[in-house]
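Q: Sending over run.txt (compact mmCIF, C-alpha atoms (C1' of nucleotides)).
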# COMPACT_ATOMS: atom_id res chain seq x y z
CA MET A 840 4.78 -9.56 -37.18
CA ARG A 841 7.73 -7.55 -36.00
CA PRO A 842 10.25 -9.26 -33.74
CA GLN A 843 9.47 -9.35 -30.04
CA LYS A 844 11.33 -6.53 -28.37
CA VAL A 845 11.17 -7.78 -24.80
CA ASP A 846 10.85 -11.43 -23.78
CA ASP A 847 8.02 -12.52 -21.51
CA LYS A 848 10.07 -12.98 -18.37
CA THR A 849 11.86 -9.64 -18.63
CA LEU A 850 8.54 -7.96 -19.38
CA ILE A 851 6.74 -9.48 -16.41
CA GLU A 852 9.60 -8.67 -14.07
CA GLY A 853 9.59 -5.05 -15.20
CA LEU A 854 5.85 -4.85 -14.71
CA MET A 855 6.19 -6.46 -11.29
CA THR A 856 8.75 -3.87 -10.23
CA VAL A 857 6.41 -1.04 -11.17
CA LEU A 858 3.38 -2.63 -9.51
CA ARG A 859 5.09 -3.33 -6.24
CA SER A 860 6.71 0.05 -5.94
CA LYS A 861 3.65 2.11 -6.94
CA GLY A 862 0.71 -0.18 -6.22
CA PHE A 863 -2.18 -0.93 -8.57
CA ASP A 864 -3.69 2.56 -8.59
CA GLY A 865 -0.37 4.36 -8.52
CA ALA A 866 1.09 2.48 -11.46
CA SER A 867 -0.13 3.90 -14.75
CA ILE A 868 0.15 2.11 -18.08
CA ASN A 869 2.59 4.84 -19.05
CA ASP A 870 4.76 4.02 -16.03
CA MET A 871 4.73 0.41 -17.13
CA ALA A 872 5.61 1.33 -20.70
CA GLU A 873 8.55 3.43 -19.58
CA ALA A 874 9.80 0.75 -17.20
CA THR A 875 9.69 -2.01 -19.79
CA GLY A 876 10.72 -0.08 -22.90
CA LEU A 877 7.51 -0.90 -24.72
CA LYS A 878 4.88 1.63 -25.77
CA LYS A 879 1.43 1.70 -24.26
CA ALA A 880 -0.23 0.15 -27.30
CA SER A 881 2.27 -2.69 -27.29
CA LEU A 882 1.39 -3.49 -23.72
CA TYR A 883 -2.28 -3.62 -24.72
CA HIS A 884 -1.34 -5.96 -27.55
CA ARG A 885 0.30 -8.39 -25.14
CA PHE A 886 -2.27 -7.88 -22.39
CA PRO A 887 -5.58 -7.09 -24.14
CA GLY A 888 -7.31 -6.91 -20.76
CA GLY A 889 -5.24 -3.87 -19.81
CA LYS A 890 -3.97 -3.12 -16.36
CA LYS A 891 -6.06 -5.76 -14.66
CA GLU A 892 -4.71 -8.50 -16.91
CA ILE A 893 -1.18 -7.21 -16.35
CA ALA A 894 -1.58 -7.44 -12.60
CA GLU A 895 -3.04 -10.93 -12.93
CA ALA A 896 -0.09 -12.04 -15.05
CA VAL A 897 2.30 -10.61 -12.49
CA LEU A 898 0.48 -12.39 -9.67
CA LYS A 899 0.64 -15.63 -11.65
CA TYR A 900 4.39 -15.11 -12.04
CA VAL A 901 4.70 -14.45 -8.32
CA SER A 902 2.72 -17.58 -7.55
CA ASP A 903 5.04 -19.65 -9.72
CA TRP A 904 8.06 -18.04 -8.10
CA ASN A 905 6.69 -18.84 -4.66
CA ASN A 906 6.04 -22.44 -5.58
CA LYS A 907 9.55 -22.86 -6.91
CA ASN A 908 11.56 -20.82 -4.43
CA ILE A 909 9.56 -21.10 -1.24
CA ALA A 910 7.26 -24.15 -1.27
CA GLN A 911 9.57 -26.55 -3.12
CA VAL A 912 12.71 -25.39 -1.36
CA LEU A 913 11.29 -25.56 2.17
CA GLN A 914 9.53 -28.87 1.59
CA SER A 915 12.21 -30.57 -0.47
CA GLU A 916 13.24 -34.14 0.41
CA GLU A 917 16.87 -33.19 -0.03
CA GLY A 918 19.10 -31.66 2.61
CA THR A 919 18.49 -31.01 6.28
CA PRO A 920 15.62 -28.80 7.44
CA LYS A 921 18.24 -26.25 8.44
CA SER A 922 19.83 -26.16 4.99
CA ARG A 923 16.41 -25.78 3.39
CA LEU A 924 15.52 -22.98 5.77
CA ASP A 925 18.75 -21.18 4.92
CA LYS A 926 18.14 -21.58 1.21
CA GLY A 927 14.56 -20.34 1.48
CA LEU A 928 15.54 -17.34 3.59
CA LEU A 929 18.24 -16.46 1.07
CA SER A 930 15.63 -16.46 -1.69
CA ILE A 931 13.48 -14.21 0.47
CA LYS A 932 16.35 -11.80 1.10
CA ASN A 933 16.95 -11.55 -2.63
CA LEU A 934 13.24 -11.23 -3.38
CA TYR A 935 12.95 -8.19 -1.14
CA ASN A 936 16.36 -6.75 -2.03
CA ASN A 937 17.55 -7.26 1.52
CA GLY A 938 14.72 -5.16 2.94
CA ASP A 939 14.61 -2.39 0.39
CA SER A 940 11.57 -3.61 -1.56
CA ILE A 941 7.94 -3.98 -0.67
CA CYS A 942 6.10 -7.30 -0.88
CA ILE A 943 3.86 -7.20 -3.94
CA LEU A 944 1.08 -8.97 -2.04
CA ARG A 945 1.20 -6.15 0.45
CA ALA A 946 1.35 -3.52 -2.29
CA LEU A 947 -1.81 -4.98 -3.82
CA THR A 948 -3.64 -5.24 -0.51
CA MET A 949 -5.46 -1.94 -0.80
CA GLU A 950 -9.22 -1.59 -1.16
CA ASN A 951 -9.25 -1.44 -4.95
CA SER A 952 -6.63 -4.09 -5.69
CA ALA A 953 -7.76 -6.30 -2.81
CA ASP A 954 -11.23 -6.34 -4.34
CA LEU A 955 -9.78 -7.32 -7.72
CA PHE A 956 -7.12 -9.82 -6.64
CA GLY A 957 -8.25 -10.94 -3.20
CA VAL A 958 -8.12 -14.64 -3.98
CA GLN A 959 -4.62 -14.58 -5.45
CA ILE A 960 -3.33 -12.53 -2.51
CA GLU A 961 -4.93 -14.89 -0.03
CA GLN A 962 -3.45 -17.93 -1.75
CA GLY A 963 -0.03 -16.29 -1.79
CA PHE A 964 -0.03 -15.89 1.97
CA GLU A 965 -1.49 -19.39 2.42
CA LEU A 966 1.34 -20.94 0.43
CA TRP A 967 3.99 -19.29 2.59
CA ILE A 968 2.25 -20.33 5.79
CA GLU A 969 1.81 -23.93 4.67
CA SER A 970 5.40 -24.17 3.50
CA PHE A 971 6.85 -22.86 6.74
CA THR A 972 4.45 -25.06 8.71
CA LYS A 973 5.71 -28.19 6.95
CA LEU A 974 9.28 -27.08 7.52
CA GLY A 975 8.55 -26.68 11.23
CA VAL A 976 7.22 -30.22 11.37
CA ASP A 977 10.47 -31.41 9.78
CA PHE A 978 12.31 -29.54 12.51
CA GLY A 979 10.43 -31.69 15.02
CA PHE A 980 7.68 -29.28 16.04
CA SER A 981 4.12 -30.53 16.55
CA LYS A 982 1.71 -29.54 13.79
CA ALA A 983 0.11 -26.91 16.03
CA LYS A 984 3.44 -25.48 17.17
CA ALA A 985 4.75 -25.52 13.60
CA ARG A 986 1.78 -23.54 12.32
CA LYS A 987 2.07 -21.03 15.15
CA VAL A 988 5.75 -20.51 14.38
CA ALA A 989 5.00 -20.23 10.65
CA MET A 990 2.48 -17.46 11.29
CA GLU A 991 5.02 -15.64 13.43
CA VAL A 992 7.60 -15.96 10.67
CA ILE A 993 5.32 -14.56 7.96
CA ILE A 994 4.21 -11.76 10.25
CA LYS A 995 7.80 -10.94 11.13
CA ILE A 996 8.83 -10.80 7.48
CA GLN A 997 5.88 -8.62 6.46
CA GLY A 998 6.12 -6.36 9.50
CA SER A 999 9.85 -5.86 9.21
CA LEU A 1000 9.43 -4.97 5.53
CA VAL A 1001 6.84 -2.33 6.42
CA VAL A 1002 9.04 -0.88 9.16
CA SER A 1003 12.22 -1.02 7.08
CA LYS A 1004 10.55 0.80 4.21
CA GLY A 1005 8.85 3.33 6.47
CA MET A 1006 12.03 4.10 8.38
CA LYS A 1007 14.30 3.87 5.35
CA ASN A 1008 16.50 1.42 7.18
CA GLN A 1009 17.04 -2.14 6.08
CA SER A 1010 18.21 -3.42 9.45
CA PRO A 1011 14.75 -4.30 10.85
CA PHE A 1012 14.33 -6.70 7.94
CA GLN A 1013 17.84 -8.07 8.29
CA GLN A 1014 17.40 -8.58 12.02
CA ALA A 1015 14.10 -10.32 11.37
CA ILE A 1016 15.74 -12.83 9.04
CA LYS A 1017 18.37 -13.55 11.68
CA SER A 1018 15.80 -14.05 14.40
CA ILE A 1019 13.79 -16.40 12.19
CA LYS A 1020 16.83 -18.65 11.90
CA GLU A 1021 17.10 -18.67 15.68
CA THR A 1022 13.42 -19.51 16.03
CA TYR A 1023 14.00 -22.79 14.25
CA THR A 1024 17.45 -23.68 15.51
CA TYR A 1025 17.19 -23.13 19.25
CA MET B 155 -19.80 32.86 4.54
CA ARG B 156 -22.18 29.96 4.68
CA PRO B 157 -22.23 27.83 7.82
CA GLN B 158 -19.61 25.12 8.06
CA LYS B 159 -21.21 21.87 6.98
CA VAL B 160 -18.71 19.48 8.52
CA ASP B 161 -16.50 20.23 11.52
CA ASP B 162 -12.74 19.85 11.24
CA LYS B 163 -12.43 16.67 13.22
CA THR B 164 -15.20 14.84 11.37
CA LEU B 165 -13.76 16.05 8.09
CA ILE B 166 -10.23 14.89 8.84
CA GLU B 167 -11.44 11.53 10.08
CA GLY B 168 -13.44 11.00 6.90
CA LEU B 169 -10.44 11.94 4.81
CA MET B 170 -8.24 9.62 6.86
CA THR B 171 -10.59 6.71 6.27
CA VAL B 172 -10.44 7.22 2.52
CA LEU B 173 -6.66 7.66 2.47
CA ARG B 174 -5.89 4.58 4.47
CA SER B 175 -8.27 2.32 2.60
CA LYS B 176 -7.31 3.47 -0.90
CA GLY B 177 -3.83 4.92 -0.50
CA PHE B 178 -2.64 8.29 -1.80
CA ASP B 179 -2.86 7.46 -5.50
CA GLY B 180 -6.00 5.40 -5.19
CA ALA B 181 -7.95 8.06 -3.31
CA SER B 182 -9.36 10.71 -5.64
CA ILE B 183 -10.69 14.08 -4.52
CA ASN B 184 -14.08 12.82 -5.62
CA ASP B 185 -13.77 9.82 -3.31
CA MET B 186 -12.95 12.23 -0.51
CA ALA B 187 -15.87 14.48 -1.37
CA GLU B 188 -18.28 11.57 -1.34
CA ALA B 189 -16.92 10.22 1.92
CA THR B 190 -17.15 13.53 3.73
CA GLY B 191 -20.34 14.92 2.21
CA LEU B 192 -18.59 18.01 0.88
CA LYS B 193 -18.18 18.86 -2.80
CA LYS B 194 -14.79 18.89 -4.48
CA ALA B 195 -14.58 22.67 -4.60
CA SER B 196 -15.34 22.87 -0.89
CA LEU B 197 -12.45 20.56 -0.14
CA TYR B 198 -10.19 22.84 -2.17
CA HIS B 199 -11.50 25.78 -0.17
CA ARG B 200 -10.51 24.13 3.09
CA PHE B 201 -7.30 22.62 1.72
CA PRO B 202 -6.05 24.99 -1.02
CA GLY B 203 -3.01 22.78 -1.56
CA GLY B 204 -5.25 19.96 -2.78
CA LYS B 205 -4.63 16.30 -2.16
CA LYS B 206 -1.13 16.78 -0.84
CA GLU B 207 -2.29 19.26 1.78
CA ILE B 208 -5.13 16.93 2.71
CA ALA B 209 -2.73 14.06 3.28
CA GLU B 210 -0.46 16.32 5.31
CA ALA B 211 -3.37 17.42 7.49
CA VAL B 212 -4.36 13.79 8.01
CA LEU B 213 -0.78 12.88 8.95
CA LYS B 214 -0.73 15.77 11.41
CA TYR B 215 -3.95 14.46 12.93
CA VAL B 216 -2.44 10.98 13.14
CA SER B 217 0.67 12.38 14.79
CA ASP B 218 -1.45 14.15 17.41
CA TRP B 219 -3.47 10.97 17.94
CA ASN B 220 -0.28 8.97 18.44
CA ASN B 221 1.09 11.48 20.92
CA LYS B 222 -2.10 11.39 22.93
CA ASN B 223 -3.05 7.73 22.73
CA ILE B 224 0.28 5.97 22.40
CA ALA B 225 3.14 8.13 23.69
CA GLN B 226 1.33 9.76 26.60
CA VAL B 227 -0.53 6.63 27.63
CA LEU B 228 2.50 4.32 27.56
CA GLN B 229 4.78 6.82 29.27
CA SER B 230 2.30 8.18 31.80
CA GLU B 231 3.36 8.49 35.42
CA GLU B 232 0.02 7.09 36.51
CA GLY B 233 -0.81 3.42 36.87
CA THR B 234 1.37 0.35 36.60
CA PRO B 235 3.32 -0.40 33.42
CA LYS B 236 0.92 -3.28 32.87
CA SER B 237 -2.16 -1.06 33.09
CA ARG B 238 -0.60 1.44 30.69
CA LEU B 239 0.27 -1.35 28.27
CA ASP B 240 -3.30 -2.63 28.37
CA LYS B 241 -4.68 0.84 27.80
CA GLY B 242 -2.33 1.49 24.88
CA LEU B 243 -3.07 -1.86 23.25
CA LEU B 244 -6.79 -1.17 23.58
CA SER B 245 -6.32 2.11 21.73
CA ILE B 246 -4.40 0.23 19.06
CA LYS B 247 -7.14 -2.37 18.72
CA ASN B 248 -9.68 0.38 18.22
CA LEU B 249 -7.42 2.31 15.85
CA TYR B 250 -7.18 -0.68 13.54
CA ASN B 251 -10.77 -1.83 14.03
CA ASN B 252 -9.58 -5.02 15.67
CA GLY B 253 -7.47 -5.97 12.64
CA ASP B 254 -9.84 -4.96 9.88
CA SER B 255 -8.14 -1.68 8.95
CA ILE B 256 -4.78 -0.88 7.44
CA CYS B 257 -2.23 1.37 9.17
CA ILE B 258 -2.24 4.71 7.40
CA LEU B 259 1.55 4.94 7.66
CA ARG B 260 1.71 1.65 5.78
CA ALA B 261 -0.90 2.81 3.26
CA LEU B 262 1.21 5.88 2.53
CA THR B 263 4.48 3.97 2.29
CA MET B 264 4.43 3.53 -1.48
CA GLU B 265 6.92 5.12 -3.86
CA ASN B 266 4.85 8.21 -4.59
CA SER B 267 3.51 8.91 -1.11
CA ALA B 268 6.74 7.85 0.58
CA ASP B 269 8.54 10.48 -1.47
CA LEU B 270 6.00 13.10 -0.44
CA PHE B 271 5.56 12.22 3.24
CA GLY B 272 8.69 10.26 4.09
CA VAL B 273 9.61 12.37 7.09
CA GLN B 274 6.16 12.22 8.68
CA ILE B 275 5.98 8.47 8.17
CA GLU B 276 9.42 7.97 9.66
CA GLN B 277 8.55 10.08 12.69
CA GLY B 278 5.34 8.14 13.16
CA PHE B 279 7.21 4.86 13.45
CA GLU B 280 9.88 6.47 15.62
CA LEU B 281 7.29 7.67 18.11
CA TRP B 282 5.82 4.19 18.51
CA ILE B 283 9.26 2.62 18.95
CA GLU B 284 10.36 5.20 21.52
CA SER B 285 7.12 4.89 23.45
CA PHE B 286 7.27 1.12 23.67
CA THR B 287 10.96 1.30 24.52
CA LYS B 288 10.29 3.54 27.50
CA LEU B 289 7.47 1.25 28.60
CA GLY B 290 9.87 -1.70 28.46
CA VAL B 291 12.29 0.13 30.71
CA ASP B 292 9.44 0.69 33.17
CA PHE B 293 8.82 -3.04 33.04
CA GLY B 294 12.39 -3.52 34.22
CA PHE B 295 14.11 -4.30 30.93
CA SER B 296 17.52 -2.85 30.12
CA LYS B 297 17.47 -0.04 27.57
CA ALA B 298 18.87 -2.35 24.89
CA LYS B 299 16.42 -5.14 25.67
CA ALA B 300 13.54 -2.66 25.83
CA ARG B 301 14.34 -1.30 22.39
CA LYS B 302 14.66 -4.76 20.92
CA VAL B 303 11.28 -5.75 22.35
CA ALA B 304 9.75 -2.49 21.12
CA MET B 305 10.93 -3.17 17.59
CA GLU B 306 9.46 -6.66 17.77
CA VAL B 307 6.16 -5.24 18.98
CA ILE B 308 5.87 -2.70 16.15
CA ILE B 309 6.88 -5.32 13.61
CA LYS B 310 4.34 -7.74 15.01
CA ILE B 311 1.55 -5.18 14.85
CA GLN B 312 2.38 -4.10 11.31
CA GLY B 313 2.97 -7.62 10.06
CA SER B 314 -0.19 -9.02 11.60
CA LEU B 315 -2.19 -6.18 10.04
CA VAL B 316 -0.77 -7.01 6.61
CA VAL B 317 -1.51 -10.70 7.03
CA SER B 318 -4.97 -10.13 8.52
CA LYS B 319 -5.96 -7.87 5.65
CA GLY B 320 -4.43 -10.12 3.01
CA MET B 321 -6.08 -13.24 4.39
CA LYS B 322 -9.33 -11.52 5.31
CA ASN B 323 -9.05 -12.87 8.82
CA GLN B 324 -8.70 -10.71 11.89
CA SER B 325 -7.25 -13.44 14.11
CA PRO B 326 -3.58 -12.89 13.19
CA PHE B 327 -3.91 -9.33 14.49
CA GLN B 328 -5.83 -10.42 17.57
CA GLN B 329 -3.29 -13.14 18.36
CA ALA B 330 -0.51 -10.61 17.92
CA ILE B 331 -2.03 -8.29 20.51
CA LYS B 332 -2.30 -11.20 22.94
CA SER B 333 1.28 -12.26 22.40
CA ILE B 334 2.50 -8.69 22.93
CA LYS B 335 0.91 -8.70 26.37
CA GLU B 336 2.75 -11.93 27.13
CA THR B 337 6.04 -10.46 25.91
CA TYR B 338 5.90 -7.86 28.66
CA THR B 339 4.32 -9.87 31.45
CA TYR B 340 6.33 -13.12 31.43
C1' DG C 573 -18.25 28.17 3.30
C1' DT C 574 -20.53 25.63 -0.19
C1' DC C 575 -22.02 25.07 -4.51
C1' DT C 576 -22.32 24.43 -10.07
C1' DA C 577 -19.71 24.89 -14.05
C1' DT C 578 -15.62 24.46 -16.38
C1' DA C 579 -10.78 24.26 -17.70
C1' DA C 580 -6.44 21.58 -18.08
C1' DT C 581 -4.28 17.48 -17.73
C1' DA C 582 -3.59 12.46 -17.05
C1' DT C 583 -5.10 8.02 -17.85
C1' DG C 584 -7.19 3.79 -19.76
C1' DA C 585 -8.03 2.08 -23.95
C1' DT C 586 -8.51 1.55 -29.23
C1' DA C 587 -7.56 2.13 -34.49
C1' DG C 588 -4.76 1.51 -38.02
C1' DA C 589 0.03 1.99 -40.36
C1' DC C 590 4.28 -0.55 -40.75
C1' DG D 36 4.68 -7.25 -32.57
C1' DT D 37 5.45 -2.41 -32.23
C1' DC D 38 4.45 1.99 -33.22
C1' DT D 39 1.96 6.94 -33.72
C1' DA D 40 -2.28 9.05 -33.36
C1' DT D 41 -6.49 9.42 -31.26
C1' DC D 42 -10.63 9.07 -28.27
C1' DA D 43 -13.32 8.85 -24.04
C1' DT D 44 -13.17 9.27 -19.46
C1' DA D 45 -11.37 10.44 -14.94
C1' DT D 46 -8.90 13.53 -12.24
C1' DT D 47 -6.77 17.65 -10.41
C1' DA D 48 -7.73 22.13 -9.94
C1' DT D 49 -9.95 26.83 -10.59
C1' DA D 50 -13.72 30.58 -11.40
C1' DG D 51 -17.47 32.69 -9.90
C1' DA D 52 -22.50 32.62 -8.09
C1' DC D 53 -24.95 32.37 -3.74
The structure in this file should be written as structure tokens.

A:
Amino acid sequence: MRPQKVDDKTLIEGLMTVLRSKGFDGASINDMAEATGLKKASLYHRFPGGKKEIAEAVLKYVSDWNNKNIAQVLQSEEGTPKSRLDKGLLSIKNLYNNGDSICILRALTMENSADLFGVQIEQGFELWIESFTKLGVDFGFSKAKARKVAMEVIIKIQGSLVVSKGMKNQSPFQQAIKSIKETYTY
Amino acid sequence: MRPQKVDDKTLIEGLMTVLRSKGFDGASINDMAEATGLKKASLYHRFPGGKKEIAEAVLKYVSDWNNKNIAQVLQSEEGTPKSRLDKGLLSIKNLYNNGDSICILRALTMENSADLFGVQIEQGFELWIESFTKLGVDFGFSKAKARKVAMEVIIKIQGSLVVSKGMKNQSPFQQAIKSIKETYTY
DNA sequence: GTCTATAATATGATAGAC
DNA sequence: GTCTATCATATTATAGAC
């Protein structure tokens, strides 16, 4: 065996970048090879199932990231609810490059990819909603109010990302993050 | 010349359905042929520029639709602001099949399509924002407040569509429409 | 204007050398 | 584990009959 040219994490992150900027149909194996520095056949060696397996691995990585940087941060026992909110929102800002990137769940929510990865996409959204709901409860909201606010938060993040990308202007996203802080602290 | 098999409007609407459910890269000319009942070569006859020209024609159709059903309705001289809001929101509900469909501007906001149709997409969002801003002014808001509310409305619509599609549940979209009415009437 | 047939290219995927 | 070479298929696009 030759030495591994690209480590797993770097590889997955490169693949994720391609998938979320081009979508499942728009991202060719060649695109992925160029982005990661591996050749097509090497990608097939590491993901024998081809493009579908690649997307599944990326979604698994995203799920792990969400658990670590959203769920665990927002629901941690340490720190005040406010400090956890700030930390979570900072992770989100970085995740979306301050409004310049698309959410990969959104990028994969087209007919073809939604058919293939519907469950993973659904669970991704669920995790965010549950995490923000629990945070709202810690802020003193009733369960019902907390869930309502959580939905509004997720919707605001997703919507502002769509608008920011469509209008080539990051401020809708940045404003949305600000207003989410106010939602919880006033 | 043989008789025209499909009229322009029916054709464009069929093409629009394919484009917004599969995206620019995901929609093949064959998909479009099947959806419209024409053969590939016939599509090339009517759109010599191929897929790009098809998408441009669809975006032109969308722009006209927006002018007629959003801009003109919201900014009409007739009726109360509230009645115009209700009429516009009803058009929006129908446009997105009550939360079951994706916004075509969103579907075409991927790297490839955004590069090709960036200006049209940008103008599409602009039109919505301007229209809702003017409506807000008619409701008695200051210009600044009206624009802020308009941005929140667009973001809420786009975000709720993403979440509804991702979670296979139309209620986020339906709730969003309700809450938009409240935004203007309380 | 629509169709069948076909060309040219891109893409997903595999075989086999190193 | 990575690579070059290759294949089969899908896709964009065109030619020419009706």

Q: Might you pull out every residue within 10 Å of range 574-579 of chain C, with only C-alpha atoms (C1' of nucleotides) counted and same-chain residues fewer than 4 positions away left off, and present them as a list in words?

A: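 Listed by chain and then number, they are Met155, Arg156, Pro157, Gln158, Lys159, Leu192, Lys193, Lys194, Ala195, Ser196, Leu197 and His199 of chain B; DA48, DT49, DA50, DG51, DA52 and DC53 of chain D.
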
Q: List the residues sitting within 12 Å of (10.4, -6.7, -24.9) in the file's frame, using all atoms listed in the file, as a ChimeraX atom specification.

A: /A:841-854,871-878,881-882,885 /D:36-37

Q: If we count all atoms listed in the file, which residues of chain C reach to within 10 Å of chain A? Please list them as a list in words.

A: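 Residues of chain C within 10 Å of chain A, counting all atoms listed in the file: DA582, DT583, DG584, DA585, DT586 and DC590 of chain C.
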
Q: For chain A against chain B, with a cut-off of 8 Å and counting only C-alpha atoms, what is the closest atom pair and its distance in Å to one decimal for every residue that makes the cut, ordered by chain and number, as JSON lines?

A:
{"residue": "A:Ser860", "atom": "CA", "partner": "B:Glu265", "partner_atom": "CA", "distance": 5.5}
{"residue": "A:Lys861", "atom": "CA", "partner": "B:Glu265", "partner_atom": "CA", "distance": 5.4}
{"residue": "A:Gly862", "atom": "CA", "partner": "B:Met264", "partner_atom": "CA", "distance": 7.1}
{"residue": "A:Asp864", "atom": "CA", "partner": "B:Gly180", "partner_atom": "CA", "distance": 5.0}
{"residue": "A:Gly865", "atom": "CA", "partner": "B:Asp179", "partner_atom": "CA", "distance": 5.0}
{"residue": "A:Leu944", "atom": "CA", "partner": "B:Gly320", "partner_atom": "CA", "distance": 7.6}
{"residue": "A:Arg945", "atom": "CA", "partner": "B:Val316", "partner_atom": "CA", "distance": 6.5}
{"residue": "A:Ala946", "atom": "CA", "partner": "B:Met264", "partner_atom": "CA", "distance": 7.7}
{"residue": "A:Thr948", "atom": "CA", "partner": "B:Gly320", "partner_atom": "CA", "distance": 6.1}
{"residue": "A:Met949", "atom": "CA", "partner": "B:Lys176", "partner_atom": "CA", "distance": 5.7}
{"residue": "A:Glu950", "atom": "CA", "partner": "B:Lys176", "partner_atom": "CA", "distance": 5.4}
{"residue": "A:Asn951", "atom": "CA", "partner": "B:Lys176", "partner_atom": "CA", "distance": 6.7}
{"residue": "A:Ala953", "atom": "CA", "partner": "B:Gly320", "partner_atom": "CA", "distance": 7.7}
{"residue": "A:Gly957", "atom": "CA", "partner": "B:Gly320", "partner_atom": "CA", "distance": 7.3}
{"residue": "A:Ile960", "atom": "CA", "partner": "B:Gly320", "partner_atom": "CA", "distance": 6.1}
{"residue": "A:Glu961", "atom": "CA", "partner": "B:Met321", "partner_atom": "CA", "distance": 4.9}
{"residue": "A:Phe964", "atom": "CA", "partner": "B:Met321", "partner_atom": "CA", "distance": 7.0}
{"residue": "A:Glu965", "atom": "CA", "partner": "B:Met321", "partner_atom": "CA", "distance": 7.9}
{"residue": "A:Met990", "atom": "CA", "partner": "B:Pro326", "partner_atom": "CA", "distance": 7.8}
{"residue": "A:Ile993", "atom": "CA", "partner": "B:Gly313", "partner_atom": "CA", "distance": 7.6}
{"residue": "A:Ile994", "atom": "CA", "partner": "B:Gly313", "partner_atom": "CA", "distance": 4.3}
{"residue": "A:Lys995", "atom": "CA", "partner": "B:Gly313", "partner_atom": "CA", "distance": 6.0}
{"residue": "A:Ile996", "atom": "CA", "partner": "B:Gly313", "partner_atom": "CA", "distance": 7.1}
{"residue": "A:Gln997", "atom": "CA", "partner": "B:Gly313", "partner_atom": "CA", "distance": 4.7}
{"residue": "A:Gly998", "atom": "CA", "partner": "B:Gly313", "partner_atom": "CA", "distance": 3.4}
{"residue": "A:Ser999", "atom": "CA", "partner": "B:Ile309", "partner_atom": "CA", "distance": 5.3}
{"residue": "A:Val1001", "atom": "CA", "partner": "B:Arg260", "partner_atom": "CA", "distance": 6.5}
{"residue": "A:Val1002", "atom": "CA", "partner": "B:Ile309", "partner_atom": "CA", "distance": 6.6}
{"residue": "A:Lys1004", "atom": "CA", "partner": "B:Thr263", "partner_atom": "CA", "distance": 7.1}
{"residue": "A:Gly1005", "atom": "CA", "partner": "B:Glu276", "partner_atom": "CA", "distance": 5.7}
{"residue": "A:Met1006", "atom": "CA", "partner": "B:Glu276", "partner_atom": "CA", "distance": 4.8}
{"residue": "A:Lys1007", "atom": "CA", "partner": "B:Glu276", "partner_atom": "CA", "distance": 7.7}
{"residue": "A:Pro1011", "atom": "CA", "partner": "B:Met305", "partner_atom": "CA", "distance": 7.8}

Q: For CA of Ala910 in chain A and CA of Gln328 in chain B, determine how far apart the two atoms are, in Å to one decimal place.

A: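 Between CA of Ala910 in chain A and CA of Gln328 in chain B the gap is 26.7 Å.
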
Q: To box range 160-170 of chain B, take all atoms listed in the file, fit an axis-aligned box, add 6 Å on each side, and give centre and edge lengths in Å to one decimal, as JSON.

A:
{"center_x": -13.5, "center_y": 14.9, "center_z": 9.0, "size_x": 22.5, "size_y": 22.6, "size_z": 20.4}

Q: Please measure the separation of CA of Val212 in chain B and CA of Met170 in chain B, giving the value in Å to one decimal.

A: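 These atoms are spaced 5.8 Å apart.
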
Q: For CA of Gly975 in chain A and CA of Pro920 in chain A, quote the distance in Å rounded to one decimal.

A: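 CA of Gly975 in chain A sits 8.3 Å away from CA of Pro920 in chain A.
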
Q: For a quick check of understanding, using only C-alpha atoms, which of B:Gln229, B:Thr339, B:Asp254, B:Lys241 has the smallest distance to Phe286 in chain B?

A: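 Residue with the minimum atom-to-atom distance to Phe286 in chain B: B:Gln229.
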
Q: Using only C-alpha atoms, which of A:Lys973, A:Asp903, A:Lys987, A:Glu916 sits nearest Ser333 in chain B?

A: A:Lys987

Q: When you look at Val976 in chain A with a cut-off of 9 Å (counting only C-alpha atoms (C1' of nucleotides)), what residues show up, excluding the ones that are within fewer than 5 positions of it in the same chain? I need them as a list in words.

A: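 Once the nearby chain positions are removed, what remains is Phe971, Ser981, Lys982, Lys984, Ala985 and Arg986 of chain A.
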
Q: Find, counting only C-alpha atoms (C1' of nucleotides), the residue in B:Tyr250, B:Leu173, B:Phe201, B:Asp292 that gets nearest to chain D.

A: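 Of B:Tyr250, B:Leu173, B:Phe201, B:Asp292, the one nearest chain D, counting only C-alpha atoms (C1' of nucleotides), is B:Phe201.
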